[in-house]
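Let me begin by presenting the structure, written as structure tokens, before commenting on it.
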Amino acid sequence: MTKGGMESVEVFTTEGKGRGLKAQKEFLPGDVIFAEPAYAAVVFDSLTHVICHTCFKRQERLHRCGQCKFAYYCDRTCQRAAWLNHKNECSAIKRHGKAPTENIRLAARILWRVEREGSALSEGCLVSIDELQNHVESFGQEEKKELRADVESFLEFWPPHCQQFGMQFISHLFGVISCNGFTLSDQRGLQAVGVGIFPNLCQANHDCWPNCTVVFNNGNHEAVRSMFHTQMRIELRALNKISPGDELTVSYVDFLSLSEERRKQLKKQYYFDCTCEHCKKQLKDDLMLAVKAGESKPSADTVKEVIQLSKDTLEKINKARMEGQYHEVVKLCRDCLKKQEPVLGDTNIYLLRILSIASEVLSYLQMFEEAADYAKRMVDGYLKIYHPNNAQLGMAVMRAGVTHWHAGLIEAGHGLICKAYAILLITHGPSHPITKDLEVMRVQTEMELRMFQQNEFMYYKMREAALKNQKIQVMPEPSNENAPSLFHRKE
């Protein structure tokens, strides 16, 4: 089954997993298999005044809708583009007196679109909104309670003059949002800023070692002529060579967890048992639990003790980060690493988690040399665990490259930035803002490296002078959030 721009994929029914997507032709790493605009999307409640409600970019100054005083836009272009979806919402917010929560707003936007177009297949959609999975029958007591509260709030918000929908269909929609809402990120891809429904993407099944990745592209509204504007969309991109007839899979969770932990998370959030090769055979679990090799191998009790200490330390670190106590975070990391190093192997996930936090926080505190050492060890471990074209890996390598560059370790910095660029060209594509940023860094570090190779002494002199005249660039404040996960779940 193909439809409007989706000729390269087809929906098929797979035993035990329901519907899935299959390739209709060959794809190479980095190819865009399809791009899909959101059926409906909204900005998170906490960010409605700092994120554009059309393209989901973070901007310094935004224009507010003069009618409802709730929606914000980059400029008139974004405001005009939003009007079809915002018109009903605008009058409903004025009538209601305030904007409801993101889930209610998203359900309302879906239903206004259904009111306009009907619930049959929309152009370019492989399945209709009616056909999407809602998993309501699998909800626990707490989730059912939340669902009832959402439906009640929705009915208070939904205008009486609009088409009325049955309770069953409204509950179905909230189930769809709960299980299939896709996380939208800002233009740098670093912060989750909203949630959207993409019916075609919802058909892609999970695999812990997938052959595709999904990237959110905020589109381009900056071109002077609107014919050159591009729409906000998600892109499904190939991670390796895909042959016609192969199932297209994406990962719903980060791979950097033991197979048992990933399976628990998938069961809890998406209501299925993962039967992928990596989970069935527990591939890479041995690396993620590696202990120091050699003659004096640590005892099972010592390993258990250090892992428990690592878990306790991660909890303390979270608390200290929430309070902005970054020097305390560094102390906790250093103490933990001292205990971990003689016991845990270099790919052990508990060691890697501490190294990741230590490198990020030390960079923020401008202690670049120590940060670079930890970042290098973190990347060495990641490279043995992650798929070579994993977006999370690319971002971690980029961060390590920037840290080395700031530390004046130009050779290692340039090497890591080139490695990150090669990964993100595949996962994000050449026109994504983060890839463009990386290309600028790659050119800059290449120039500095040439200067370094010609005259090391002069390079350090010039670097010193440049740093004196330049306001110290503060690294972004460490975020307590993990990188945005693929599908948004209301916790």
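Numbering starts fresh at 1 for the residues of each chain in the structure tokens, the chains themselves are lettered A, B, ... in the order given, and ligands are numbered from 1 as they appear.
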
>> Please return, as a PyMOL selection string, all residues of stretch 313-391 of chain A that DSSP assigns to alpha helix (DSSP H) on the basis of the backbone.
In response: chain A and resi 313-322+326-340+349-364+368-385+391

> Excluding same-chain residues fewer than 4 positions from A:His96, what lies within 10 Å of it counting only C-alpha atoms, as JSON, numbers by chain?
Replying inline: {"A": [91, 92, 100, 156, 157, 158, 159]}

>> List the spatial neighbours of stretch 59-66 of chain A as an MDAnalysis selection string - criterion: any atom at most 9 Å away, only C-alpha atoms, same-chain residues fewer than 5 positions off excluded.
In response: chainID A and resid 49:52 71:76 79 90

Give me a file of those residues, with N, CA and C atoms, as a PDB file, in the first residue's frame.
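Once everything was written out, this is again-v3.pdb:
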```
ATOM      1  N   HIS A  49       6.024  29.884  25.858  1.00  0.00           N
ATOM      2  CA  HIS A  49       6.388  31.283  25.590  1.00  0.00           C
ATOM      3  C   HIS A  49       7.806  31.443  25.037  1.00  0.00           C
ATOM      4  N   VAL A  50       8.585  30.348  24.940  1.00  0.00           N
ATOM      5  CA  VAL A  50       9.975  30.489  24.430  1.00  0.00           C
ATOM      6  C   VAL A  50      10.217  29.692  23.141  1.00  0.00           C
ATOM      7  N   ILE A  51       9.206  28.929  22.701  1.00  0.00           N
ATOM      8  CA  ILE A  51       9.340  28.094  21.502  1.00  0.00           C
ATOM      9  C   ILE A  51       8.272  28.513  20.497  1.00  0.00           C
ATOM     10  N   CYS A  52       8.652  28.631  19.221  1.00  0.00           N
ATOM     11  CA  CYS A  52       7.683  28.978  18.181  1.00  0.00           C
ATOM     12  C   CYS A  52       6.676  27.842  18.023  1.00  0.00           C
ATOM     13  N   ALA A  71      -0.375  31.729  22.088  1.00  0.00           N
ATOM     14  CA  ALA A  71       0.550  31.182  21.083  1.00  0.00           C
ATOM     15  C   ALA A  71       1.642  32.198  20.738  1.00  0.00           C
ATOM     16  N   TYR A  72       2.841  31.696  20.480  1.00  0.00           N
ATOM     17  CA  TYR A  72       3.986  32.551  20.134  1.00  0.00           C
ATOM     18  C   TYR A  72       4.597  32.068  18.816  1.00  0.00           C
ATOM     19  N   TYR A  73       5.122  33.015  18.036  1.00  0.00           N
ATOM     20  CA  TYR A  73       5.675  32.685  16.722  1.00  0.00           C
ATOM     21  C   TYR A  73       6.971  33.455  16.466  1.00  0.00           C
ATOM     22  N   CYS A  74       7.830  32.865  15.598  1.00  0.00           N
ATOM     23  CA  CYS A  74       9.087  33.526  15.213  1.00  0.00           C
ATOM     24  C   CYS A  74       8.782  34.870  14.568  1.00  0.00           C
ATOM     25  N   ASP A  75       7.824  34.845  13.614  1.00  0.00           N
ATOM     26  CA  ASP A  75       7.534  36.041  12.812  1.00  0.00           C
ATOM     27  C   ASP A  75       6.177  35.849  12.149  1.00  0.00           C
ATOM     28  N   ARG A  76       5.837  36.804  11.277  1.00  0.00           N
ATOM     29  CA  ARG A  76       4.541  36.749  10.581  1.00  0.00           C
ATOM     30  C   ARG A  76       4.425  35.487   9.704  1.00  0.00           C
ATOM     31  N   GLN A  79       3.419  32.731  11.844  1.00  0.00           N
ATOM     32  CA  GLN A  79       2.061  32.983  12.349  1.00  0.00           C
ATOM     33  C   GLN A  79       1.018  32.674  11.258  1.00  0.00           C
ATOM     34  N   CYS A  90      -7.509  29.121  19.008  1.00  0.00           N
ATOM     35  CA  CYS A  90      -7.464  30.508  19.471  1.00  0.00           C
ATOM     36  C   CYS A  90      -8.804  30.910  20.100  1.00  0.00           C
TER      37      CYS A  90
END
```

Can you pull out the residues contacting stretch 109-123 of chain A? Cut-off 10 Å, using only C-alpha atoms, and skip same-chain residues under 3 positions away; I want them as a JSON list (two decimals) with N, CA, C and O atoms, in the first residue's frame.
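Output file out_1.json is given in full below:
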```
[["chain", "number", "residue", "atom", "x", "y", "z"],
["A", 3, "LYS", "N", 1.09, 5.68, -0.93],
["A", 3, "LYS", "CA", 0.21, 6.85, -1.06],
["A", 3, "LYS", "C", 1.02, 8.14, -1.00],
["A", 3, "LYS", "O", 1.93, 8.25, -0.21],
["A", 4, "GLY", "N", 0.70, 9.09, -1.90],
["A", 4, "GLY", "CA", 1.25, 10.44, -1.87],
["A", 4, "GLY", "C", 2.65, 10.61, -1.32],
["A", 4, "GLY", "O", 2.81, 11.00, -0.18],
["A", 5, "GLY", "N", 3.70, 10.35, -2.12],
["A", 5, "GLY", "CA", 5.07, 10.59, -1.64],
["A", 5, "GLY", "C", 5.61, 9.48, -0.75],
["A", 5, "GLY", "O", 6.71, 9.57, -0.24],
["A", 39, "TYR", "N", 0.73, 15.31, 11.72],
["A", 39, "TYR", "CA", -0.73, 15.37, 11.56],
["A", 39, "TYR", "C", -1.25, 16.47, 12.49],
["A", 39, "TYR", "O", -2.13, 17.24, 12.13],
["A", 40, "ALA", "N", -0.66, 16.54, 13.67],
["A", 40, "ALA", "CA", -0.95, 17.61, 14.64],
["A", 40, "ALA", "C", 0.22, 17.65, 15.62],
["A", 40, "ALA", "O", 0.84, 16.61, 15.87],
["A", 41, "ALA", "N", 0.54, 18.84, 16.16],
["A", 41, "ALA", "CA", 1.67, 18.96, 17.10],
["A", 41, "ALA", "C", 1.47, 20.16, 18.00],
["A", 41, "ALA", "O", 0.84, 21.15, 17.60],
["A", 42, "VAL", "N", 2.00, 20.08, 19.24],
["A", 42, "VAL", "CA", 1.91, 21.19, 20.18],
["A", 42, "VAL", "C", 3.22, 21.34, 20.96],
["A", 42, "VAL", "O", 3.96, 20.38, 21.13],
["A", 84, "LEU", "N", -4.30, 28.00, 10.08],
["A", 84, "LEU", "CA", -5.27, 26.92, 9.83],
["A", 84, "LEU", "C", -5.44, 26.04, 11.07],
["A", 84, "LEU", "O", -6.56, 25.68, 11.44],
["A", 85, "ASN", "N", -4.32, 25.73, 11.74],
["A", 85, "ASN", "CA", -4.38, 24.87, 12.93],
["A", 85, "ASN", "C", -4.68, 25.64, 14.22],
["A", 85, "ASN", "O", -5.13, 25.05, 15.20],
["A", 86, "HIS", "N", -4.39, 26.95, 14.21],
["A", 86, "HIS", "CA", -4.55, 27.71, 15.44],
["A", 86, "HIS", "C", -5.92, 28.40, 15.55],
["A", 86, "HIS", "O", -6.36, 28.73, 16.65],
["A", 87, "LYS", "N", -6.59, 28.60, 14.40],
["A", 87, "LYS", "CA", -7.84, 29.38, 14.37],
["A", 87, "LYS", "C", -8.86, 28.89, 15.41],
["A", 87, "LYS", "O", -9.32, 29.66, 16.26],
["A", 88, "ASN", "N", -9.19, 27.60, 15.37],
["A", 88, "ASN", "CA", -10.17, 27.05, 16.32],
["A", 88, "ASN", "C", -9.64, 27.08, 17.75],
["A", 88, "ASN", "O", -10.37, 27.38, 18.70],
["A", 89, "GLU", "N", -8.35, 26.75, 17.89],
["A", 89, "GLU", "CA", -7.71, 26.72, 19.21],
["A", 89, "GLU", "C", -7.76, 28.11, 19.83],
["A", 89, "GLU", "O", -8.04, 28.27, 21.03],
["A", 103, "ASN", "N", -1.61, 17.67, 26.35],
["A", 103, "ASN", "CA", -2.36, 16.51, 25.86],
["A", 103, "ASN", "C", -3.74, 16.91, 25.34],
["A", 103, "ASN", "O", -4.19, 16.41, 24.31],
["A", 104, "ILE", "N", -4.41, 17.80, 26.08],
["A", 104, "ILE", "CA", -5.75, 18.26, 25.68],
["A", 104, "ILE", "C", -5.63, 19.07, 24.38],
["A", 104, "ILE", "O", -6.41, 18.90, 23.45],
["A", 105, "ARG", "N", -4.61, 19.94, 24.32],
["A", 105, "ARG", "CA", -4.41, 20.76, 23.12],
["A", 105, "ARG", "C", -4.14, 19.90, 21.90],
["A", 105, "ARG", "O", -4.65, 20.16, 20.80],
["A", 106, "LEU", "N", -3.33, 18.84, 22.09],
["A", 106, "LEU", "CA", -3.01, 17.97, 20.96],
["A", 106, "LEU", "C", -4.25, 17.20, 20.49],
["A", 106, "LEU", "O", -4.52, 17.11, 19.29],
["A", 126, "LEU", "N", -0.39, 6.61, 5.28],
["A", 126, "LEU", "CA", -0.59, 5.19, 4.97],
["A", 126, "LEU", "C", -1.72, 4.59, 5.79],
["A", 126, "LEU", "O", -2.29, 3.58, 5.43],
["A", 127, "VAL", "N", -1.97, 5.19, 6.96],
["A", 127, "VAL", "CA", -3.07, 4.71, 7.83],
["A", 127, "VAL", "C", -3.84, 5.92, 8.35],
["A", 127, "VAL", "O", -3.31, 7.01, 8.43],
["A", 128, "SER", "N", -5.11, 5.68, 8.73],
["A", 128, "SER", "CA", -5.91, 6.78, 9.27],
["A", 128, "SER", "C", -5.73, 6.86, 10.77],
["A", 128, "SER", "O", -5.23, 5.93, 11.41],
["A", 129, "ILE", "N", -6.17, 7.98, 11.35],
["A", 129, "ILE", "CA", -6.10, 8.19, 12.81],
["A", 129, "ILE", "C", -6.88, 7.09, 13.54],
["A", 129, "ILE", "O", -6.46, 6.61, 14.58],
["A", 130, "ASP", "N", -7.99, 6.65, 12.94],
["A", 130, "ASP", "CA", -8.82, 5.58, 13.55],
["A", 130, "ASP", "C", -8.02, 4.30, 13.75],
["A", 130, "ASP", "O", -8.26, 3.54, 14.68],
["A", 131, "GLU", "N", -7.10, 4.03, 12.81],
["A", 131, "GLU", "CA", -6.40, 2.74, 12.80],
["A", 131, "GLU", "C", -5.17, 2.70, 13.72],
["A", 131, "GLU", "O", -4.58, 1.63, 13.90],
["A", 158, "TRP", "N", -13.60, 21.60, 24.85],
["A", 158, "TRP", "CA", -14.10, 21.46, 23.47],
["A", 158, "TRP", "C", -15.35, 22.32, 23.26],
["A", 158, "TRP", "O", -16.32, 22.20, 23.98],
["A", 162, "CYS", "N", -18.63, 23.05, 17.87],
["A", 162, "CYS", "CA", -17.83, 22.18, 17.00],
["A", 162, "CYS", "C", -18.45, 20.78, 16.94],
["A", 162, "CYS", "O", -19.27, 20.42, 17.78],
["A", 163, "GLN", "N", -18.02, 20.02, 15.93],
["A", 163, "GLN", "CA", -18.54, 18.65, 15.79],
["A", 163, "GLN", "C", -18.31, 17.87, 17.08],
["A", 163, "GLN", "O", -17.22, 17.95, 17.66],
["A", 164, "GLN", "N", -19.30, 17.14, 17.54],
["A", 164, "GLN", "CA", -19.16, 16.38, 18.79],
["A", 164, "GLN", "C", -18.73, 14.94, 18.49],
["A", 164, "GLN", "O", -19.24, 14.34, 17.54],
["A", 165, "PHE", "N", -17.81, 14.43, 19.28],
["A", 165, "PHE", "CA", -17.28, 13.07, 19.07],
["A", 165, "PHE", "C", -17.62, 12.19, 20.27],
["A", 165, "PHE", "O", -17.74, 12.69, 21.39],
["A", 169, "PHE", "N", -14.11, 7.42, 20.96],
["A", 169, "PHE", "CA", -13.14, 7.95, 20.01],
["A", 169, "PHE", "C", -12.17, 8.92, 20.72],
["A", 169, "PHE", "O", -10.96, 8.92, 20.46],
["A", 170, "ILE", "N", -12.70, 9.71, 21.65],
["A", 170, "ILE", "CA", -11.85, 10.66, 22.40],
["A", 170, "ILE", "C", -10.84, 9.87, 23.25],
["A", 170, "ILE", "O", -9.65, 10.18, 23.27],
["A", 173, "LEU", "N", -8.10, 8.52, 21.13],
["A", 173, "LEU", "CA", -7.10, 9.55, 20.79],
["A", 173, "LEU", "C", -6.08, 9.74, 21.90],
["A", 173, "LEU", "O", -4.89, 9.85, 21.65],
["A", 196, "GLY", "N", 4.17, 15.51, 18.88],
["A", 196, "GLY", "CA", 3.36, 15.49, 17.66],
["A", 196, "GLY", "C", 2.93, 14.08, 17.31],
["A", 196, "GLY", "O", 3.48, 13.10, 17.83],
["A", 197, "ILE", "N", 1.94, 13.99, 16.44],
["A", 197, "ILE", "CA", 1.47, 12.68, 15.95],
["A", 197, "ILE", "C", 1.84, 12.57, 14.47],
["A", 197, "ILE", "O", 1.50, 13.45, 13.67],
["A", 199, "PRO", "N", 1.37, 9.69, 11.76],
["A", 199, "PRO", "CA", 0.78, 8.36, 11.55],
["A", 199, "PRO", "C", 1.68, 7.36, 10.83],
["A", 199, "PRO", "O", 1.70, 6.18, 11.19]]
```

>> as a count of residues only, please: every residue in stretch 123-365 of chain A that DSSP puts in strand (DSSP E or B).
In response: 33
